[in-house]
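Structure first, commentary second.
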Amino acid sequence: MRAATPEERRSAHLALAEALTGEPARHAWHLAEAATGPDEAVAQALETAALSISCGGRTAAAVDPLVRAGELSPNPADRSRRLIEAAYIASATGPLDRVTRLLADARRADDARQASGTPTSLVFASATAAYLMYGQGQVDAAHRLLAGALADSDTSHANCDWTEDVLYSLLNASIFGGRQELWRLLGDALARFDPDGRTAVRLCYDALVDTGPAPRRVREGLLSALDTLPADAPPWRLIPLAFAAMGTDTLGEYRHLCRSMIDRELDCGAVGAAITGLLVLSGDSYHSGQWDEAEELARQGLDLAAALGYQLLECHLRVHLAFVAATRGQAEVARALSDEVSRWAAPRGLGNTQAFAWYARALTALGQGDYEEAYLQATRLNRDGAFAPSMISSWTVMDFVEAAVRTGRIEEARAHVAAAQRAGTADMSPRRAMSSLGAAALAAPDDRAGPLFEAALSMPDADRWPFEQARIQLAYGQWLRRTRDTARARLHLRAALETLDRLGARPWAVRAHNELRAAGVAEAVSPDSRAVALTTQERRIATLAAGGLTNKQIGQKLYLSHRTVSGHLHRIFPKLGITSRAALRDALGAEASPEPDAATDQRRIA
């Protein structure tokens, strides 16, 4: 090749193109390599091949053919359109700095971007907004660009895939921005382009912002949409639903869809979608008490986001790590992570990102018993104490109320409970209902608190959210001890200690241990001296490994990557005091329970 003349190389490419007519993508590429100047027929062939490649699941491989098609386009408008489409795909595959180079090349052409309201202008808006939002955290600029593209669009494009993509991008900008004016603009756009609620974006908007008078119906609609999603659903259909499902605690039984999407997108090079999927799964794992899994997923996503320039997603993944550190009592780590996120998010107006960092600080303070600091952070989340309907506010009702009660602000705590009840937040999920009842019990007078505690702990599937459940058991045990019902106090305090110790929630476990001693249980084992126990997920992995399954087989069974399984085993061995898989069976001993049936296993995995 190096010794050949340009004409000899061109002849070779033409011969290869002729021989590969049955393979359109390779045929088009060799024709392009043989081209000596602009050629629309070859450009069209490359564009068609790129579309086929993308639809076939190899998203990243579609960028180069589109770029070459742009270079070969005689018409500047076609050149720009193809480069814009390449930039759009690159925004999903990374690295993000490639997006800016492609968009700059597109701008230099006399392009179809000038024709406002065309699908091309929507693609340009989507690609540019992705870079502004995910790469730089410029959510407001991205939101203005997207809203402007829709404002200039004709409603005849309402059923265009690009219109739905812009609506999806607006949804993401609204989620990360977290301000009411952003949500209002999205609501206006949906009223114009999706009046019949055809898109998943409308369902997510209803679930996260505007449940109206029927939050349960919204939740049922979300579950129905997830039920009907095919196993190979593309990211743009799955991710908004997964975000809404995580926010409403309905993702559990659909985690396998996210896991499959992540693996599929990583295989085809669409890393941006995979990082978002890892973010969603990490959040769900945290809430369901699988903290090792939450940390593993967050770190996997963080490595990818940092390498490819997705700074906004990197920021949110750090917040998830801060949550885990806060609940485990790693106060300095949690503060450092949340401070880093705040410094990046605050000047960019990222309201929701900032709120998550404040929540991490509030959790850290609650764990350390610094209730005044916890109250300060909680009021920042809720606009100086006034309940602000949002995903993060609905998660933190009990945190705010606990901080207010512990600092003597009983009336503020009761007002916050009442405001949350008026907002109907508890109707969106059993976890929210449980936390709302627990908060009401904390703020209630003694003659009303007992039944509220009992109602909270009697919620269906309460053990799916072990940290919230254990905190309510701890608070109930404290109340029972204070009201002289020592026998029942011991029952709830023991249950709380067992769960908190298993989770590794050391600050709360120490508190439960001290309460048990105060209740007269002198033999209560200190969390510091208790043998380190395996989590439910670790025990399941250890049992399967002891049965002879490989990491890949375990991963397929539990919807985990083989790297995640390996990471778990790396932590399991020192906990059990062993150094090899061969010693697992003896180390587990009688504690290794038989494998559950498939339906039970799926629920527990979720």
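By order of appearance in the structure tokens: chains A, B, ..., then residues from 1 within every chain, and ligands from 1 in the order shown.
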* Residue contacts of A:Ala546 (10 Å, only C-alpha atoms) excluding same-chain residues fewer than 2 positions away, as a VMD selection string -> chain A and resid 540 to 544 548 to 550 581 to 588 592
Q.
When you look at A:Tyr375 with a cut-off of 9 Å (counting only C-alpha atoms), what residues show up, excluding the ones that are within fewer than 4 positions of it in the same chain? I need them as number ranges by chain.
A. A: 362, 365-366, 370-371, 379-380, 399-404, 407
Can you spit out the residues from that selection as a short mmCIF file (atom, residue, chain, number, x, y, z; two decimals), in the first residue's frame, using N, CA, C and O atoms?
```
data_model
loop_
_atom_site.label_atom_id
_atom_site.label_comp_id
_atom_site.auth_asym_id
_atom_site.auth_seq_id
_atom_site.Cartn_x
_atom_site.Cartn_y
_atom_site.Cartn_z
N ALA A 362 -26.98 16.50 54.10
CA ALA A 362 -27.99 16.28 55.15
C ALA A 362 -27.88 14.86 55.71
O ALA A 362 -27.94 14.66 56.94
N ALA A 365 -24.85 14.60 57.96
CA ALA A 365 -25.08 15.25 59.25
C ALA A 365 -26.01 14.41 60.13
O ALA A 365 -25.79 14.29 61.35
N LEU A 366 -27.05 13.82 59.54
CA LEU A 366 -27.95 12.96 60.32
C LEU A 366 -27.18 11.78 60.91
O LEU A 366 -27.37 11.41 62.07
N ASP A 370 -25.48 15.47 63.95
CA ASP A 370 -25.43 16.93 63.87
C ASP A 370 -26.75 17.40 63.27
O ASP A 370 -26.83 17.76 62.09
N TYR A 371 -27.79 17.44 64.09
CA TYR A 371 -29.13 17.70 63.58
C TYR A 371 -29.33 19.14 63.14
O TYR A 371 -30.15 19.41 62.26
N THR A 379 -33.48 22.37 54.74
CA THR A 379 -34.25 23.56 54.37
C THR A 379 -33.78 24.10 53.02
O THR A 379 -34.58 24.69 52.28
N ARG A 380 -32.52 23.92 52.68
CA ARG A 380 -32.05 24.33 51.35
C ARG A 380 -32.72 23.49 50.27
O ARG A 380 -33.05 23.99 49.19
N ASP A 399 -36.23 12.81 56.38
CA ASP A 399 -34.97 13.44 56.78
C ASP A 399 -35.22 14.84 57.34
O ASP A 399 -34.67 15.22 58.38
N PHE A 400 -36.03 15.62 56.61
CA PHE A 400 -36.35 16.97 57.07
C PHE A 400 -37.04 16.92 58.44
O PHE A 400 -36.69 17.66 59.36
N VAL A 401 -38.04 16.05 58.55
CA VAL A 401 -38.82 15.99 59.78
C VAL A 401 -37.96 15.53 60.95
O VAL A 401 -38.04 16.08 62.06
N GLU A 402 -37.10 14.53 60.74
CA GLU A 402 -36.23 14.08 61.82
C GLU A 402 -35.32 15.20 62.30
O GLU A 402 -35.16 15.43 63.50
N ALA A 403 -34.72 15.92 61.34
CA ALA A 403 -33.84 17.03 61.71
C ALA A 403 -34.60 18.11 62.46
O ALA A 403 -34.10 18.67 63.45
N ALA A 404 -35.83 18.41 62.02
CA ALA A 404 -36.62 19.44 62.69
C ALA A 404 -37.03 19.01 64.10
O ALA A 404 -36.94 19.79 65.05
N THR A 407 -34.19 19.07 66.62
CA THR A 407 -33.74 20.42 66.99
C THR A 407 -34.86 21.24 67.63
O THR A 407 -34.75 22.45 67.76
#
```
inquiry  = If we count only C-alpha atoms and set the cut-off at 12 Å, which residues sit around A:Ala415, ignoring sequence neighbours fewer than 2 positions away in its own chain? Please answer as a PyMOL selection string.
reply    = chain A and resi 385-387+397+400-401+404-405+409-413+417-422+439-440+443-444
Store the residues of this selection in a file with C-alpha atoms, as a PDB file, in the first residue's frame.
```pdb
ATOM      1  CA  GLY A 385     -38.772  24.775  54.854  1.00  0.00           C
ATOM      2  CA  ALA A 386     -41.628  25.085  52.365  1.00  0.00           C
ATOM      3  CA  PHE A 387     -42.304  21.725  50.704  1.00  0.00           C
ATOM      4  CA  VAL A 397     -39.617  14.086  53.897  1.00  0.00           C
ATOM      5  CA  PHE A 400     -36.353  16.969  57.069  1.00  0.00           C
ATOM      6  CA  VAL A 401     -38.824  15.987  59.783  1.00  0.00           C
ATOM      7  CA  ALA A 404     -36.623  19.442  62.689  1.00  0.00           C
ATOM      8  CA  VAL A 405     -37.874  17.253  65.565  1.00  0.00           C
ATOM      9  CA  ARG A 409     -38.842  22.576  65.655  1.00  0.00           C
ATOM     10  CA  ILE A 410     -41.930  20.431  66.151  1.00  0.00           C
ATOM     11  CA  GLU A 411     -44.397  22.783  64.485  1.00  0.00           C
ATOM     12  CA  GLU A 412     -42.194  23.077  61.401  1.00  0.00           C
ATOM     13  CA  ALA A 413     -41.943  19.299  61.245  1.00  0.00           C
ATOM     14  CA  VAL A 417     -45.700  16.512  56.935  1.00  0.00           C
ATOM     15  CA  ALA A 418     -49.000  18.236  56.141  1.00  0.00           C
ATOM     16  CA  ALA A 419     -47.572  19.895  53.007  1.00  0.00           C
ATOM     17  CA  ALA A 420     -46.184  16.587  51.739  1.00  0.00           C
ATOM     18  CA  GLN A 421     -49.563  14.928  52.343  1.00  0.00           C
ATOM     19  CA  ARG A 422     -51.357  17.668  50.393  1.00  0.00           C
ATOM     20  CA  ALA A 439     -42.213  11.223  59.289  1.00  0.00           C
ATOM     21  CA  ALA A 440     -45.754  11.777  60.534  1.00  0.00           C
ATOM     22  CA  ALA A 443     -43.733  14.635  64.446  1.00  0.00           C
ATOM     23  CA  ALA A 444     -46.919  13.371  66.131  1.00  0.00           C
TER      24      ALA A 444
END
```
- Task: For stretch 189-199 of chain A, list every protein, DNA or RNA residue within 8 Å, evaluated using only C-alpha atoms, and leave out those in the same chain fewer than 3 positions away; present the list as a list in words.
- Result: Ala147, Leu150, Thr155, Ala158, Glu164, Leu167, Leu185, Leu186, Arg202 and Leu203 of chain A
Residue nearest A:Ala336 - candidates A:Arg219, A:Arg98, A:Arg361, A:Arg481, atoms counted: only C-alpha atoms: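 Looking only at the distances to A:Ala336, the closest residue turns out to be A:Arg361.
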Those in stretch 541-576 of chain A with alpha helix (DSSP H) from DSSP, as a ChimeraX atom specification:
/A:541-546,551-558,562-576
The distance between atom CA of A:Leu257 and atom CA of A:Leu337 is 29.6 Å
Name the residues in contact with stretch 453-469 of chain A at a cut-off of 8 Å, using only C-alpha atoms, excluding same-chain residues fewer than 6 positions from it; report them as a PDB file with N, CA, C and O atoms, in the first residue's frame.
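Output below, filename result_10.pdb:
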```pdb
ATOM      1  N   HIS A 287     -31.204   2.741  46.845  1.00  0.00           N
ATOM      2  CA  HIS A 287     -32.475   2.784  47.566  1.00  0.00           C
ATOM      3  C   HIS A 287     -32.920   1.389  48.027  1.00  0.00           C
ATOM      4  O   HIS A 287     -33.601   1.274  49.048  1.00  0.00           O
ATOM      5  N   SER A 288     -32.537   0.362  47.287  1.00  0.00           N
ATOM      6  CA  SER A 288     -32.959  -0.987  47.672  1.00  0.00           C
ATOM      7  C   SER A 288     -31.972  -1.662  48.625  1.00  0.00           C
ATOM      8  O   SER A 288     -32.102  -2.854  48.909  1.00  0.00           O
ATOM      9  N   GLY A 289     -30.993  -0.906  49.114  1.00  0.00           N
ATOM     10  CA  GLY A 289     -30.090  -1.441  50.130  1.00  0.00           C
ATOM     11  C   GLY A 289     -28.932  -2.250  49.586  1.00  0.00           C
ATOM     12  O   GLY A 289     -28.179  -2.846  50.367  1.00  0.00           O
ATOM     13  N   PRO A 430     -45.006   2.738  47.475  1.00  0.00           N
ATOM     14  CA  PRO A 430     -45.031   2.278  48.871  1.00  0.00           C
ATOM     15  C   PRO A 430     -43.878   2.836  49.700  1.00  0.00           C
ATOM     16  O   PRO A 430     -44.036   3.086  50.885  1.00  0.00           O
ATOM     17  N   ARG A 431     -42.700   3.015  49.092  1.00  0.00           N
ATOM     18  CA  ARG A 431     -41.566   3.561  49.858  1.00  0.00           C
ATOM     19  C   ARG A 431     -41.856   4.983  50.316  1.00  0.00           C
ATOM     20  O   ARG A 431     -41.599   5.347  51.457  1.00  0.00           O
ATOM     21  N   ALA A 433     -44.790   6.249  50.721  1.00  0.00           N
ATOM     22  CA  ALA A 433     -45.853   6.171  51.719  1.00  0.00           C
ATOM     23  C   ALA A 433     -45.281   5.771  53.075  1.00  0.00           C
ATOM     24  O   ALA A 433     -45.659   6.327  54.115  1.00  0.00           O
ATOM     25  N   MET A 434     -44.363   4.801  53.088  1.00  0.00           N
ATOM     26  CA  MET A 434     -43.747   4.363  54.327  1.00  0.00           C
ATOM     27  C   MET A 434     -42.976   5.507  54.988  1.00  0.00           C
ATOM     28  O   MET A 434     -43.108   5.766  56.191  1.00  0.00           O
ATOM     29  N   SER A 435     -42.168   6.224  54.198  1.00  0.00           N
ATOM     30  CA  SER A 435     -41.384   7.334  54.746  1.00  0.00           C
ATOM     31  C   SER A 435     -42.285   8.464  55.225  1.00  0.00           C
ATOM     32  O   SER A 435     -42.005   9.099  56.240  1.00  0.00           O
ATOM     33  N   SER A 436     -43.368   8.708  54.479  1.00  0.00           N
ATOM     34  CA  SER A 436     -44.293   9.773  54.870  1.00  0.00           C
ATOM     35  C   SER A 436     -44.969   9.447  56.205  1.00  0.00           C
ATOM     36  O   SER A 436     -45.100  10.312  57.083  1.00  0.00           O
ATOM     37  N   LEU A 437     -45.371   8.187  56.372  1.00  0.00           N
ATOM     38  CA  LEU A 437     -45.979   7.779  57.643  1.00  0.00           C
ATOM     39  C   LEU A 437     -44.948   7.803  58.771  1.00  0.00           C
ATOM     40  O   LEU A 437     -45.257   8.194  59.903  1.00  0.00           O
ATOM     41  N   GLY A 438     -43.720   7.384  58.470  1.00  0.00           N
ATOM     42  CA  GLY A 438     -42.668   7.452  59.482  1.00  0.00           C
ATOM     43  C   GLY A 438     -42.407   8.874  59.919  1.00  0.00           C
ATOM     44  O   GLY A 438     -42.214   9.149  61.113  1.00  0.00           O
ATOM     45  N   ALA A 441     -45.185  10.020  62.142  1.00  0.00           N
ATOM     46  CA  ALA A 441     -45.056   9.453  63.483  1.00  0.00           C
ATOM     47  C   ALA A 441     -44.013  10.211  64.300  1.00  0.00           C
ATOM     48  O   ALA A 441     -44.219  10.476  65.497  1.00  0.00           O
ATOM     49  N   TYR A 476     -39.077   4.021  66.143  1.00  0.00           N
ATOM     50  CA  TYR A 476     -40.200   3.434  66.898  1.00  0.00           C
ATOM     51  C   TYR A 476     -39.685   2.824  68.205  1.00  0.00           C
ATOM     52  O   TYR A 476     -40.286   2.998  69.278  1.00  0.00           O
ATOM     53  N   ALA A 496     -33.896  -3.404  63.910  1.00  0.00           N
ATOM     54  CA  ALA A 496     -33.197  -2.276  63.287  1.00  0.00           C
ATOM     55  C   ALA A 496     -31.688  -2.510  63.288  1.00  0.00           C
ATOM     56  O   ALA A 496     -31.014  -2.287  62.272  1.00  0.00           O
ATOM     57  N   THR A 499     -30.551  -5.106  60.624  1.00  0.00           N
ATOM     58  CA  THR A 499     -30.563  -4.582  59.248  1.00  0.00           C
ATOM     59  C   THR A 499     -29.471  -3.543  59.039  1.00  0.00           C
ATOM     60  O   THR A 499     -28.741  -3.573  58.045  1.00  0.00           O
ATOM     61  N   LEU A 500     -29.350  -2.619  59.972  1.00  0.00           N
ATOM     62  CA  LEU A 500     -28.364  -1.548  59.821  1.00  0.00           C
ATOM     63  C   LEU A 500     -26.944  -2.097  59.840  1.00  0.00           C
ATOM     64  O   LEU A 500     -26.068  -1.620  59.103  1.00  0.00           O
ATOM     65  N   LEU A 503     -26.359  -3.770  56.453  1.00  0.00           N
ATOM     66  CA  LEU A 503     -26.158  -2.780  55.400  1.00  0.00           C
ATOM     67  C   LEU A 503     -24.798  -2.094  55.501  1.00  0.00           C
ATOM     68  O   LEU A 503     -24.269  -1.594  54.514  1.00  0.00           O
TER      69      LEU A 503
END
```
Min atom-atom distance to A:Glu33 from the set A:Ala489, A:Val521, A:Leu16, A:Ala3, counting only C-alpha atoms, belongs to A:Leu16
*asked:* If we count only C-alpha atoms and set the cut-off at 10 Å, which residues sit around A:Leu182, ignoring sequence neighbours fewer than 3 positions away in its own chain? Please answer as a list in words.
replied: Val139, Asp140, His143, Arg144, Ala147, Leu170, Leu171, Ala173, Ser174, Ile175, Phe176, Gly177, Gly178, Arg179, Leu185, Leu186 and Gly187 of chain A
Using N, CA and C atoms, can you write the selected residues to a file as an mmCIF file, in the first residue's frame?
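Saved the output as again-v3.cif:
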```cif
data_model
loop_
_atom_site.group_PDB
_atom_site.id
_atom_site.type_symbol
_atom_site.label_atom_id
_atom_site.label_comp_id
_atom_site.auth_asym_id
_atom_site.auth_seq_id
_atom_site.Cartn_x
_atom_site.Cartn_y
_atom_site.Cartn_z
ATOM 1 N N VAL A 139 -27.034 23.608 31.176
ATOM 2 C CA VAL A 139 -28.403 23.141 30.989
ATOM 3 C C VAL A 139 -29.300 24.249 30.447
ATOM 4 N N ASP A 140 -29.155 25.471 30.956
ATOM 5 C CA ASP A 140 -30.009 26.567 30.490
ATOM 6 C C ASP A 140 -29.803 26.835 29.004
ATOM 7 N N HIS A 143 -31.340 24.077 27.073
ATOM 8 C CA HIS A 143 -32.795 24.173 27.129
ATOM 9 C C HIS A 143 -33.300 25.245 26.165
ATOM 10 N N ARG A 144 -32.629 26.408 26.127
ATOM 11 C CA ARG A 144 -33.051 27.479 25.218
ATOM 12 C C ARG A 144 -32.932 27.040 23.763
ATOM 13 N N ALA A 147 -35.751 24.425 23.066
ATOM 14 C CA ALA A 147 -37.068 25.073 23.042
ATOM 15 C C ALA A 147 -37.212 25.939 21.795
ATOM 16 N N LEU A 170 -35.229 17.843 26.204
ATOM 17 C CA LEU A 170 -35.828 18.850 27.089
ATOM 18 C C LEU A 170 -36.169 18.259 28.448
ATOM 19 N N LEU A 171 -36.654 17.017 28.436
ATOM 20 C CA LEU A 171 -36.950 16.340 29.701
ATOM 21 C C LEU A 171 -35.680 16.210 30.542
ATOM 22 N N ALA A 173 -32.941 18.028 30.369
ATOM 23 C CA ALA A 173 -32.528 19.358 30.820
ATOM 24 C C ALA A 173 -33.372 19.802 32.006
ATOM 25 N N SER A 174 -34.649 19.487 31.978
ATOM 26 C CA SER A 174 -35.537 19.866 33.081
ATOM 27 C C SER A 174 -35.222 19.076 34.342
ATOM 28 N N ILE A 175 -34.901 17.789 34.180
ATOM 29 C CA ILE A 175 -34.545 16.959 35.334
ATOM 30 C C ILE A 175 -33.281 17.498 36.008
ATOM 31 N N PHE A 176 -32.251 17.748 35.213
ATOM 32 C CA PHE A 176 -30.983 18.196 35.793
ATOM 33 C C PHE A 176 -31.068 19.639 36.282
ATOM 34 N N GLY A 177 -31.801 20.489 35.544
ATOM 35 C CA GLY A 177 -31.951 21.877 35.976
ATOM 36 C C GLY A 177 -32.807 22.002 37.219
ATOM 37 N N GLY A 178 -33.895 21.210 37.269
ATOM 38 C CA GLY A 178 -34.706 21.114 38.474
ATOM 39 C C GLY A 178 -35.468 22.374 38.849
ATOM 40 N N ARG A 179 -35.717 23.272 37.885
ATOM 41 C CA ARG A 179 -36.434 24.512 38.209
ATOM 42 C C ARG A 179 -37.793 24.516 37.542
ATOM 43 N N LEU A 185 -41.827 25.082 30.488
ATOM 44 C CA LEU A 185 -41.545 25.110 29.054
ATOM 45 C C LEU A 185 -41.703 23.718 28.431
ATOM 46 N N LEU A 186 -41.286 22.693 29.151
ATOM 47 C CA LEU A 186 -41.479 21.332 28.654
ATOM 48 C C LEU A 186 -42.961 21.008 28.564
ATOM 49 N N GLY A 187 -43.723 21.413 29.580
ATOM 50 C CA GLY A 187 -45.169 21.186 29.554
ATOM 51 C C GLY A 187 -45.821 21.852 28.357
#
```
(message) So the first atom is atom CA of A:Ala298 and the second is atom CA of A:Arg318; what is the distance between them in Å, to one decimal place?
(response)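 Separation between atom CA of A:Ala298 and atom CA of A:Arg318: 7.4 Å.
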Would you mind listing what lies within 10 Å of A:Asp64 as JSON, numbers by chain, with only C-alpha atoms counted and same-chain residues fewer than 3 positions away left out?
{"A": [29, 46, 50, 60, 61, 67, 68, 69, 70, 83, 86, 90]}
Using only C-alpha atoms, can you tell me which of A:Thr364, A:Ala294, A:Arg264, A:Asp188 comes closest to A:Glu332?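 Of A:Thr364, A:Ala294, A:Arg264, A:Asp188, the one nearest A:Glu332, counting only C-alpha atoms, is A:Thr364.
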Q) How many Å lie between atom CA of A:Leu51 and atom CA of A:Leu66, rounded to one decimal? A)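 Taking atom CA of A:Leu51 as the start and atom CA of A:Leu66 as the end point, the length is 8.8 Å.
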Practice problem: Determine the nearest neighbour of A:Thr163 from the options A:Trp508, A:Trp479, A:Tyr359, A:Phe124, counting only C-alpha atoms. | Solution: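 Nearest to A:Thr163: A:Phe124.
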